[in-house]
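Novice: Structure: target_24.txt, compact mmCIF, C-alpha atoms.
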```
# COMPACT_ATOMS: atom_id res chain seq x y z
CA MET A 1 -119.72 33.72 -129.14
CA LYS A 2 -119.37 37.23 -130.38
CA TYR A 3 -116.83 39.47 -128.75
CA GLY A 4 -116.05 43.14 -128.86
CA ARG A 5 -113.24 44.98 -127.19
CA TRP A 6 -113.67 47.31 -124.27
CA ILE A 7 -110.60 48.58 -122.49
CA ALA A 8 -109.80 50.88 -119.68
CA ALA A 9 -107.32 53.38 -121.06
CA CYS A 10 -105.16 54.64 -123.84
CA ALA A 11 -102.25 52.71 -125.32
CA ALA A 12 -98.58 52.79 -124.40
CA SER A 13 -97.89 52.83 -128.13
CA ILE A 14 -99.66 56.13 -128.69
CA ALA A 15 -98.26 59.58 -128.21
CA LEU A 16 -100.00 62.89 -128.01
CA ALA A 17 -98.81 65.15 -130.82
CA ALA A 18 -97.07 68.46 -130.26
CA GLY A 19 -99.26 70.99 -128.58
CA SER A 20 -100.98 68.48 -126.34
CA ALA A 21 -98.94 69.23 -123.26
CA ALA A 22 -102.12 69.20 -121.25
CA VAL A 23 -101.41 65.52 -120.75
CA ALA A 24 -99.23 66.60 -117.87
CA GLN A 25 -102.26 67.50 -115.80
CA GLY A 26 -103.02 65.32 -112.77
CA ALA A 27 -102.72 61.56 -112.95
CA ALA A 28 -102.93 61.65 -116.73
CA ALA A 29 -99.33 62.84 -116.82
CA ASP A 30 -98.19 59.25 -117.36
CA SER A 31 -98.10 57.76 -120.81
CA PRO A 32 -101.43 56.16 -121.73
CA ARG A 33 -101.50 52.38 -121.73
CA ALA A 34 -103.24 49.77 -123.80
CA ALA A 35 -105.58 47.09 -122.58
CA TYR A 36 -107.19 45.13 -125.37
CA ALA A 37 -109.53 42.67 -123.73
CA PRO A 38 -112.58 40.74 -124.92
CA HIS A 39 -115.87 42.33 -123.99
CA ASP A 40 -118.67 40.33 -122.51
CA ALA A 41 -121.02 38.94 -125.13
CA ALA A 42 -124.52 40.35 -125.27
CA ALA A 43 -127.50 38.18 -124.57
CA ALA A 44 -130.61 38.50 -126.72
CA PRO A 45 -130.86 41.75 -128.69
CA VAL A 46 -132.12 44.56 -126.49
CA ARG A 47 -134.78 46.78 -127.98
CA VAL A 48 -135.53 50.34 -126.95
CA ALA A 49 -138.80 50.19 -125.02
CA PRO A 50 -141.63 52.35 -126.38
CA ALA A 51 -142.05 55.42 -124.22
CA ALA A 52 -142.58 59.14 -124.43
CA VAL A 53 -139.04 60.29 -125.16
CA PRO A 54 -138.27 64.02 -124.75
CA SER A 55 -136.72 65.65 -127.83
CA SER A 56 -133.69 66.60 -125.73
CA ALA A 57 -132.31 66.07 -122.25
CA ARG A 58 -129.10 66.39 -120.27
CA LEU A 59 -128.33 64.83 -116.92
CA THR A 60 -126.50 66.48 -114.05
CA PHE A 61 -123.80 64.51 -112.28
CA LYS A 62 -120.29 64.93 -110.92
CA GLU A 63 -117.88 64.67 -113.81
CA GLN A 64 -114.75 62.60 -113.23
CA TYR A 65 -111.41 62.26 -114.93
CA GLN A 66 -109.74 58.89 -114.69
CA VAL A 67 -107.24 58.80 -111.84
CA THR A 68 -104.79 56.59 -113.72
CA THR A 69 -104.02 56.08 -117.38
CA TYR A 70 -105.90 52.76 -117.35
CA TYR A 71 -109.01 53.65 -115.34
CA CYS A 72 -111.37 54.87 -118.07
CA ILE A 73 -113.81 52.01 -117.46
CA PRO A 74 -113.92 52.51 -113.67
CA ALA A 75 -114.22 56.28 -114.24
CA SER A 76 -117.02 55.91 -116.79
CA GLY A 77 -118.71 53.32 -114.60
CA ALA A 78 -118.53 55.58 -111.56
CA MET A 79 -120.15 58.43 -113.49
CA SER A 80 -122.84 56.14 -114.87
CA LEU A 81 -123.64 54.76 -111.42
CA SER A 82 -123.84 58.27 -110.01
CA THR A 83 -126.98 58.76 -112.12
CA PHE A 84 -128.54 56.02 -109.97
CA GLY A 85 -127.79 58.18 -106.93
CA LEU A 86 -124.83 55.97 -106.06
CA THR A 87 -121.35 57.13 -105.07
CA VAL A 88 -118.78 54.47 -105.93
CA GLY A 89 -115.09 55.33 -106.22
CA GLN A 90 -112.97 54.50 -109.24
CA LYS A 91 -110.55 52.52 -107.11
CA THR A 92 -113.38 50.47 -105.63
CA LEU A 93 -114.73 49.66 -109.08
CA ALA A 94 -111.25 48.94 -110.43
CA LYS A 95 -110.62 46.42 -107.66
CA LYS A 96 -113.96 44.68 -108.19
CA MET A 97 -113.51 44.75 -111.99
CA LYS A 98 -110.03 43.25 -111.67
CA THR A 99 -108.51 46.20 -113.50
CA THR A 100 -104.78 45.99 -114.14
CA THR A 101 -102.31 48.25 -115.92
CA ARG A 102 -103.52 46.50 -119.07
CA GLY A 103 -107.05 47.65 -118.45
CA THR A 104 -110.43 46.12 -117.66
CA LYS A 105 -112.15 43.18 -119.30
CA GLY A 106 -115.75 43.79 -120.23
CA ALA A 107 -116.63 40.36 -118.90
CA ASP A 108 -115.45 41.56 -115.49
CA ALA A 109 -116.88 45.09 -115.68
CA THR A 110 -120.52 44.45 -116.61
CA PRO A 111 -121.33 42.04 -113.74
CA VAL A 112 -119.86 44.52 -111.27
CA LEU A 113 -122.00 47.37 -112.61
CA ASN A 114 -125.02 45.10 -112.42
CA THR A 115 -124.41 44.33 -108.74
CA TYR A 116 -125.15 48.02 -108.17
CA ALA A 117 -127.86 48.51 -110.82
CA LYS A 118 -130.04 45.43 -110.35
CA PRO A 119 -131.07 46.18 -106.75
CA HIS A 120 -132.45 49.44 -108.16
CA GLY A 121 -134.39 47.65 -110.90
CA TYR A 122 -132.02 48.19 -113.85
CA THR A 123 -129.66 46.12 -115.97
CA TYR A 124 -126.59 46.94 -118.06
CA THR A 125 -126.40 44.96 -121.31
CA THR A 126 -123.77 45.16 -124.03
CA VAL A 127 -125.35 45.96 -127.40
CA TYR A 128 -123.82 45.51 -130.84
CA ASP A 129 -126.25 47.48 -133.00
CA VAL A 130 -124.95 51.03 -132.49
CA ALA A 131 -121.55 51.06 -134.20
CA GLY A 132 -122.08 52.68 -137.58
CA HIS A 133 -125.80 53.13 -136.90
CA PRO A 134 -126.36 56.71 -135.71
CA SER A 135 -130.16 56.56 -135.51
CA THR A 136 -130.02 53.47 -133.28
CA LEU A 137 -127.31 55.02 -131.13
CA LEU A 138 -129.31 58.22 -130.72
CA SER A 139 -132.52 56.35 -129.86
CA ARG A 140 -130.76 54.22 -127.25
CA VAL A 141 -129.10 57.23 -125.64
CA ALA A 142 -132.40 59.13 -125.75
CA TYR A 143 -134.19 56.31 -123.94
CA ASP A 144 -131.53 55.90 -121.27
CA VAL A 145 -131.01 59.62 -120.69
CA GLY A 146 -134.42 61.05 -121.52
CA VAL A 147 -136.69 58.34 -120.08
CA LEU A 148 -134.66 56.42 -117.49
CA LYS A 149 -132.50 59.41 -116.47
CA LYS A 150 -129.41 57.17 -116.55
CA ALA A 151 -126.08 57.70 -118.33
CA PRO A 152 -124.85 54.70 -120.37
CA THR A 153 -121.18 54.00 -121.01
CA ILE A 154 -119.85 53.99 -124.58
CA ALA A 155 -116.90 52.03 -126.02
CA VAL A 156 -114.91 53.95 -128.62
CA TRP A 157 -111.69 53.87 -130.57
CA MET A 158 -109.86 56.79 -129.02
CA GLU A 159 -108.00 57.96 -132.11
CA LYS A 160 -111.30 58.28 -134.03
CA LEU A 161 -112.87 60.77 -131.64
CA PRO A 162 -113.12 64.20 -133.33
CA TRP A 163 -111.36 65.95 -130.45
CA ASN A 164 -108.37 63.63 -130.75
CA LYS A 165 -107.69 64.04 -134.47
CA GLY A 166 -104.10 65.09 -134.95
CA LYS A 167 -103.42 64.64 -131.25
CA VAL A 168 -103.35 60.88 -130.82
CA LYS A 169 -101.21 58.49 -132.82
CA GLY A 170 -102.03 54.84 -133.29
CA SER A 171 -105.01 52.75 -134.29
CA ARG A 172 -107.64 50.72 -132.46
CA ILE A 173 -106.88 52.44 -129.18
CA GLY A 174 -109.79 51.38 -127.00
CA HIS A 175 -111.39 53.82 -124.60
CA GLY A 176 -114.52 54.28 -122.49
CA ILE A 177 -116.67 57.41 -122.16
CA VAL A 178 -120.15 58.18 -120.83
CA ALA A 179 -123.16 59.64 -122.69
CA TYR A 180 -125.38 61.94 -120.64
CA GLY A 181 -127.18 64.25 -123.05
CA TYR A 182 -128.75 64.37 -126.49
CA ASP A 183 -130.79 66.56 -128.83
CA GLU A 184 -132.91 64.82 -131.46
CA LYS A 185 -133.49 68.02 -133.44
CA THR A 186 -129.77 68.56 -134.02
CA GLY A 187 -128.95 64.85 -134.00
CA THR A 188 -126.27 65.31 -131.35
CA ILE A 189 -125.08 63.46 -128.26
CA THR A 190 -123.22 64.99 -125.33
CA VAL A 191 -120.53 62.88 -123.70
CA PHE A 192 -117.96 63.16 -120.97
CA ASP A 193 -114.55 61.73 -121.80
CA PRO A 194 -112.54 60.94 -118.64
CA TRP A 195 -109.15 61.25 -120.41
CA LYS A 196 -107.98 64.58 -119.02
CA ALA A 197 -105.60 65.62 -121.78
CA THR A 198 -108.23 65.93 -124.50
CA GLY A 199 -111.47 64.83 -122.86
CA GLY A 200 -114.08 66.57 -120.79
CA ILE A 201 -117.46 67.64 -122.19
CA HIS A 202 -118.03 67.21 -125.92
CA THR A 203 -121.19 67.47 -127.99
CA VAL A 204 -120.91 65.54 -131.23
CA SER A 205 -123.24 64.37 -133.96
CA ALA A 206 -124.64 60.86 -133.54
CA ALA A 207 -123.32 60.12 -137.03
CA SER A 208 -119.79 61.10 -136.03
CA LEU A 209 -119.88 59.30 -132.68
CA SER A 210 -121.28 56.09 -134.16
CA GLY A 211 -118.29 55.99 -136.49
CA THR A 212 -115.91 55.89 -133.52
CA LEU A 213 -117.56 52.97 -131.73
CA GLN A 214 -116.15 49.55 -131.06
CA THR A 215 -118.25 46.54 -132.09
CA ALA A 216 -119.55 46.20 -128.54
CA GLY A 217 -120.32 49.88 -128.62
CA MET A 218 -122.53 50.53 -125.63
CA ARG A 219 -123.57 49.32 -122.21
CA TYR A 220 -127.26 49.99 -122.63
CA ILE A 221 -129.32 50.43 -119.47
CA SER A 222 -132.82 48.98 -119.29
CA LYS A 223 -135.42 48.13 -116.70
CA ALA A 224 -134.56 44.78 -115.12
```
Could you show the structure in this file as structure tokens?
Specialist:
Amino acid sequence: MKYGRWIAACAASIALAAGSAAVAQGAAADSPRAAYAPHDAAAAPVRVAPAAVPSSARLTFKEQYQVTTYYCIPASGAMSLSTFGLTVGQKTLAKKMKTTTRGTKGADATPVLNTYAKPHGYTYTTVYDVAGHPSTLLSRVAYDVGVLKKAPTIAVWMEKLPWNKGKVKGSRIGHGIVAYGYDEKTGTITVFDPWKATGGIHTVSAASLSGTLQTAGMRYISKA
């Protein structure tokens, strides 16, 4: 069985470099913590369904920062579910996903998200074909955002994100963000990173983002 790693927050072993005092804002004032956990294995490969995909789109939803240093998966999940018209709190998701200070296992997170998505006719599936493959990543985001009007969650290595270069120390620091916009003409994807110190809204090239992804790089949303 193939496994990736999806975790809920930043690692205790990392430190924000000088000049990143913004970490002191809100709940993110605590040191980030690691949670390396096996992700749920994907089923059969999921293909992007043929459809008329707009050249660009961006969803509107309530942006959320993670309320603890290990809630990036509940935070990303809450934002993703909000694009279904659902309001689910981070703490509620964290409890159902069995989140601990070490993070959230993907095998626990995906079924919880699907308990909300499936009654609405959608399914979250982990896909392994987006890491290092920008065109596939862009097409999957374009389908979810442009056609389904849903925001998928993305699994990244935190230290590889462009906005964290020189600010985060360590390697293979797992993190979760949400993709909610794209532009095929410029080849860019817009994401919201729930880590308050360096996160927020970022628009980045699909090529750059695909290079930051974990093996299980995306919870792709499709029609059930």
Novice: Identify the residues within 9 Å of coordinate (-112.0, 57.2, -132.3) (same frame as the file), considering all atoms listed in the file, and give the answer as a PyMOL selection string.
Specialist: chain A and resi 156-165+171-175+209+211-214
Novice: Between atom CA of Ile73 of chain A and atom CA of Thr104 of chain A, what is the spacing in Å?
Specialist: 6.8 Å
Novice: So the first atom is atom CA of Lys91 of chain A and the second is atom CA of Tyr220 of chain A; what is the distance between them in Å, to one decimal place?
Specialist: 22.9 Å
Novice: Around (-115.1, 61.1, -118.6) in the file's frame, which residues reach within 8 Å when counting all atoms listed in the file? Return as a list in words?
Specialist: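 Residues close enough to count: Glu63, Gln64, Tyr65, Gln66, Cys72, Ala75, Ser76, Met79, Gly176, Ile177, Val178, Val191, Phe192, Asp193, Pro194, Trp195, Lys196, Gly199, Gly200 and Ile201 of chain A.
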Novice: Hey, can you check how far atom CA of Val127 of chain A sits from atom CA of Thr215 of chain A?
Specialist: 8.5 Å
Novice: Can you list, as JSON, numbers by chain, every protein, DNA or RNA residue that comes within 7 Å of Ser80 of chain A when you count all atoms listed in the file, leaving out same-chain residues fewer than 6 positions away?
Specialist: {"A": [150, 151, 152, 153, 178]}
Novice: Extract, using only C-alpha atoms, all DNA, RNA and protein residues at most 12 Å from Lys96 of chain A, discarding same-chain residues fewer than 2 positions from it, and format them as a count of residues only.
Specialist: 25
Novice: I'd like the contact shell of Glu184 of chain A - 9 Å cut-off, all atoms listed in the file, skipping same-chain residues fewer than 2 positions apart - returned as a VMD selection string.
Specialist: chain A and resid 54 to 56 138 to 139 142 182 186 to 189
Novice: Ranking A:Thr101, A:Phe61, A:Ala216, A:Tyr70 by minimum distance to Thr87 of chain A and counting all atoms listed in the file, which one comes first?
Specialist: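 Comparing A:Thr101, A:Phe61, A:Ala216, A:Tyr70 against Thr87 of chain A, the winner is A:Phe61.
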Novice: Return the single residue from A:Thr123, A:Thr83, A:Gly166, A:Ser208 that is closest to Arg58 of chain A, with distances computed using only C-alpha atoms.
Specialist: A:Thr83
